[in-house]
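Please read the structure below before turning to the comments.
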Amino acid sequence: DVKSIVRTRREGSWRIPGAVPLKVTVKNSRNEEILTSEPKLSPFGSFALSVPLKPASPLGYYSVILQTKEVYKGKERWIGVGSTSFRVEAFRPAEFDVTARLEKPGYIIGDKVTGYVSGRYLYGAAMKNESVSWRFAVSPTSWEPPGYDGYYFGPLYWLTQYSYGQRILSSEEGALDEQGMLKVSSTLKVGEMTGPHSLQLEADVTSQSRQVISGRASVVVHGGEFYIGIGPSSTFV
C-alpha cells in the first residue's frame, strides 16, 4: 500500500488542501509504468492506494511519483510535488537451521577457544558435508562483577595502544561432517588484546540449493583470572 498526506503552505502555515487534482505514477525497477491513479483526498488531506505486484514482477527499487496540475502559459501540465521508493524482493523460506555454540561460558586471554557449528534441515535430517564459512571475532567490552556497585574495573583506554574496533581472530572454510557438525578452534593470544572482550563465533552454512543461513554465539573474554576495582569515596575533589 502507498499512503500519502498532502499539505499546502499559505501565509506561513501548513493547511489541508481542497479538491486539488493529483496523479500517482508507480514505475518498476526497469522504469516501466505499472500503475497510474488519480486519487481523491480525504477530509484530512490524505489518500491511500494499493500497488498490485504480479508473481513475475522484476526485483529491485520501485519509484512512486506524486504530481498535481498547474497552469503554465495558459496550458495545464502535471508537475511533481513528491516522490518515494520501495524495494521488491523475493521471499524464500528457510530450509534449514544453523546453530553455533562455544564450549565454555567464558574465557581468559591466553586460552584456546573451541566452538561447534551445527546444521540441520527443518525436517530433522543432518546437513551432511555442506560447506561452512566460519570466523572468530573479538571486540572490546565492559564487565563488572555483581555486588560491587560504585567500583570501577575497566582499563584506562586512553593509555592503551590497543584498537577499539572488532578484529577477526581467525577464519576458515570447511564442511560439516556426517552428523552435520563442525568443531572449530582458535587461540586468544597474550599481548594482542587487554581487558574484557566480547568473543563471537559466526558461521555461514550453504545448502545444495545455494541458500545461506548463519548461526552466532558470543561469550565474554576476561583479561585475567581476577579484577582490581577502585571505589572512590566521593565524586568531588
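By order of appearance in the C-alpha cells: chains A, B, ..., then residues from 1 within every chain, and ligands from 1 in the order shown.
Look at Glu89 in chain A: the protein and nucleic acid residues within 9 Å of it, using only C-alpha atoms and passing over chain neighbours fewer than 5 places away, are Pro58, Leu59, Gly60 and Tyr61 of chain A.
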With N, CA, C and O atoms kept, could you save the residues just selected as a CSV table (one decimal), in the first residue's frame?
```
chain,number,residue,atom,x,y,z
A,58,PRO,N,9.7,-7.8,-11.7
A,58,PRO,CA,11.1,-7.7,-11.5
A,58,PRO,C,11.5,-7.2,-10.1
A,58,PRO,O,10.7,-6.5,-9.5
A,59,LEU,N,12.6,-7.7,-9.6
A,59,LEU,CA,13.0,-7.3,-8.3
A,59,LEU,C,13.8,-6.0,-8.4
A,59,LEU,O,14.2,-5.5,-9.5
A,60,GLY,N,13.9,-5.3,-7.2
A,60,GLY,CA,14.7,-4.0,-7.2
A,60,GLY,C,13.8,-2.9,-6.6
A,60,GLY,O,12.8,-3.1,-6.0
A,61,TYR,N,14.3,-1.7,-6.9
A,61,TYR,CA,13.6,-0.5,-6.3
A,61,TYR,C,12.6,0.0,-7.3
A,61,TYR,O,12.8,0.2,-8.5
```
Which residues are close to Leu182 in chain A, i.e. within 7 Å by only C-alpha atoms, leaving aside same-chain residues fewer than 2 positions away? Reply as a PyMOL selection string.
chain A and resi 116-118+176-177+184
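Atom pair CA of Tyr62 in chain A / CA of Leu41 in chain A has a distance of 23.2 Å (rounded to one decimal).
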Selection: 10 Å around Ser42 in chain A, only C-alpha atoms, excl. self and same-chain fewer than 5 positions, as a PDB file with all heavy atoms, in the first residue's frame:
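Once written, around_34.pdb looks like this:
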```
ATOM      1  N   ILE A   5       0.122  11.995   2.793  1.00  0.00           N
ATOM      2  CA  ILE A   5      -0.528  13.135   3.438  1.00  0.00           C
ATOM      3  C   ILE A   5      -0.104  14.384   2.678  1.00  0.00           C
ATOM      4  O   ILE A   5       1.096  14.629   2.503  1.00  0.00           O
ATOM      5  CB  ILE A   5      -0.135  13.243   4.918  1.00  0.00           C
ATOM      6  CG1 ILE A   5      -0.590  11.995   5.687  1.00  0.00           C
ATOM      7  CG2 ILE A   5      -0.737  14.503   5.547  1.00  0.00           C
ATOM      8  CD1 ILE A   5      -0.149  11.972   7.132  1.00  0.00           C
ATOM      9  N   VAL A   6      -1.063  15.148   2.221  1.00  0.00           N
ATOM     10  CA  VAL A   6      -0.789  16.319   1.380  1.00  0.00           C
ATOM     11  C   VAL A   6      -1.136  17.589   2.145  1.00  0.00           C
ATOM     12  O   VAL A   6      -2.205  17.682   2.760  1.00  0.00           O
ATOM     13  CB  VAL A   6      -1.595  16.251   0.057  1.00  0.00           C
ATOM     14  CG1 VAL A   6      -1.283  17.460  -0.821  1.00  0.00           C
ATOM     15  CG2 VAL A   6      -1.282  14.957  -0.687  1.00  0.00           C
ATOM     16  N   ILE A  16      -4.665  22.011   5.129  1.00  0.00           N
ATOM     17  CA  ILE A  16      -5.222  20.912   4.347  1.00  0.00           C
ATOM     18  C   ILE A  16      -5.764  21.476   3.040  1.00  0.00           C
ATOM     19  O   ILE A  16      -6.579  22.392   3.043  1.00  0.00           O
ATOM     20  CB  ILE A  16      -6.343  20.199   5.120  1.00  0.00           C
ATOM     21  CG1 ILE A  16      -5.780  19.586   6.404  1.00  0.00           C
ATOM     22  CG2 ILE A  16      -6.995  19.136   4.262  1.00  0.00           C
ATOM     23  CD1 ILE A  16      -6.828  18.937   7.278  1.00  0.00           C
ATOM     24  N   PRO A  17      -5.307  20.949   1.901  1.00  0.00           N
ATOM     25  CA  PRO A  17      -5.782  21.492   0.622  1.00  0.00           C
ATOM     26  C   PRO A  17      -7.216  21.082   0.333  1.00  0.00           C
ATOM     27  O   PRO A  17      -7.741  20.125   0.916  1.00  0.00           O
ATOM     28  CB  PRO A  17      -4.810  20.883  -0.392  1.00  0.00           C
ATOM     29  CG  PRO A  17      -4.365  19.611   0.242  1.00  0.00           C
ATOM     30  CD  PRO A  17      -4.331  19.868   1.721  1.00  0.00           C
ATOM     31  N   GLY A  18      -7.807  21.784  -0.590  1.00  0.00           N
ATOM     32  CA  GLY A  18      -9.161  21.440  -1.010  1.00  0.00           C
ATOM     33  C   GLY A  18      -9.129  20.344  -2.056  1.00  0.00           C
ATOM     34  O   GLY A  18      -8.288  19.443  -2.020  1.00  0.00           O
ATOM     35  N   ALA A  19     -10.045  20.417  -3.009  1.00  0.00           N
ATOM     36  CA  ALA A  19     -10.134  19.409  -4.066  1.00  0.00           C
ATOM     37  C   ALA A  19      -9.086  19.714  -5.134  1.00  0.00           C
ATOM     38  O   ALA A  19      -9.367  20.368  -6.141  1.00  0.00           O
ATOM     39  CB  ALA A  19     -11.534  19.380  -4.660  1.00  0.00           C
ATOM     40  N   PHE A  47      -4.552  10.188   1.335  1.00  0.00           N
ATOM     41  CA  PHE A  47      -5.108   9.145   0.476  1.00  0.00           C
ATOM     42  C   PHE A  47      -4.239   7.891   0.611  1.00  0.00           C
ATOM     43  O   PHE A  47      -3.103   7.945   1.100  1.00  0.00           O
ATOM     44  CB  PHE A  47      -5.186   9.595  -0.992  1.00  0.00           C
ATOM     45  CG  PHE A  47      -3.853   9.732  -1.670  1.00  0.00           C
ATOM     46  CD1 PHE A  47      -3.219   8.640  -2.269  1.00  0.00           C
ATOM     47  CD2 PHE A  47      -3.221  10.958  -1.728  1.00  0.00           C
ATOM     48  CE1 PHE A  47      -1.999   8.776  -2.898  1.00  0.00           C
ATOM     49  CE2 PHE A  47      -1.988  11.103  -2.353  1.00  0.00           C
ATOM     50  CZ  PHE A  47      -1.372   9.999  -2.941  1.00  0.00           C
ATOM     51  N   ALA A  48      -4.789   6.770   0.171  1.00  0.00           N
ATOM     52  CA  ALA A  48      -4.066   5.502   0.178  1.00  0.00           C
ATOM     53  C   ALA A  48      -4.505   4.690  -1.028  1.00  0.00           C
ATOM     54  O   ALA A  48      -5.666   4.757  -1.452  1.00  0.00           O
ATOM     55  CB  ALA A  48      -4.333   4.728   1.462  1.00  0.00           C
TER      56      ALA A  48
END
```
Residues near Arg135 in chain A, cut-off 7 Å, only C-alpha atoms, skip fewer than 4 positions along chain, as an MDAnalysis selection string:
chainID A and resid 170:172 201:203
Next, dump the selected residues to file, keeping only C-alpha atoms, as a compact mmCIF listing (two decimals), in the first residue's frame.
```
# COMPACT_ATOMS: atom_id res chain seq x y z
CA SER A 170 40.71 -16.48 12.65
CA SER A 171 38.52 -17.55 9.76
CA GLU A 172 38.36 -20.61 7.56
CA LEU A 201 31.67 -17.22 16.72
CA GLU A 202 29.79 -16.78 13.44
CA ALA A 203 29.24 -19.47 10.81
```
Find the residues around range 192-200 of chain A up to 6 Å (only C-alpha atoms counted), leave out those fewer than 2 positions away in its own chain, and share them as number ranges by chain.
A: 136-141, 189-190, 217-223
Can you list, as JSON, numbers by chain, all residues belonging to range 9-174 of chain A that DSSP tags as strand (DSSP E)?
{"A": [9, 10, 13, 14, 15, 22, 23, 24, 25, 26, 27, 33, 34, 35, 36, 37, 46, 47, 48, 49, 60, 61, 62, 63, 64, 65, 66, 67, 68, 69, 70, 71, 72, 75, 76, 77, 78, 79, 80, 81, 82, 83, 84, 85, 86, 87, 88, 96, 97, 98, 99, 100, 101, 102, 106, 107, 108, 112, 113, 114, 115, 116, 117, 118, 119, 120, 121, 131, 132, 133, 134, 135, 136, 137, 138, 139, 140, 167, 168, 169, 170, 171, 172, 173, 174]}
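With only C-alpha atoms as the atoms that count, the residue of A:Ile65, A:Leu169, A:Leu102, A:Ala94 with the shortest distance to Arg120 in chain A is A:Ala94.
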Just the residues within 12 Å of Asp149 in chain A, please, counting only C-alpha atoms, with nothing from its chain fewer than 2 positions along; format it as a list in words.
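Neighbouring residues, sequence-local ones excluded: Glu144, Pro145, Pro146, Gly147, Tyr151, Tyr152, Phe153, Gly229, Ile230, Gly231 and Pro232 of chain A.
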Tell me which of A:Gly110, A:Glu225, A:Gln211, A:Tyr148 sits closest to Gly191 in chain A, counting only C-alpha atoms.
A:Gly110
Find, counting only C-alpha atoms, the residue in A:Asn31, A:Ser46, A:Ser209, A:Thr25 that gets nearest to Val64 in chain A.
A:Thr25
Could you name the residues that touch Ser131 in chain A at 6 Å or less, counting only C-alpha atoms, but leaving out those on the same chain fewer than 4 positions away, as a list in words?
Gly174, Ala175, Val205 and Thr206 of chain A
Restricting it to N, CA and C atoms, dump the selection as a short mmCIF file (atom, residue, chain, number, x, y, z; two decimals), in the first residue's frame.
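Result written to again.cif:
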```
data_model
loop_
_atom_site.label_atom_id
_atom_site.label_comp_id
_atom_site.auth_asym_id
_atom_site.auth_seq_id
_atom_site.Cartn_x
_atom_site.Cartn_y
_atom_site.Cartn_z
N GLY A 174 35.21 -24.75 5.55
CA GLY A 174 35.26 -26.19 5.74
C GLY A 174 33.95 -26.82 5.34
N ALA A 175 33.65 -27.96 5.96
CA ALA A 175 32.41 -28.69 5.65
C ALA A 175 31.91 -29.39 6.90
N VAL A 205 26.41 -21.39 6.66
CA VAL A 205 26.28 -22.70 6.02
C VAL A 205 25.52 -22.53 4.71
N THR A 206 26.04 -23.14 3.65
CA THR A 206 25.42 -23.07 2.32
C THR A 206 24.87 -24.43 1.95
#
```
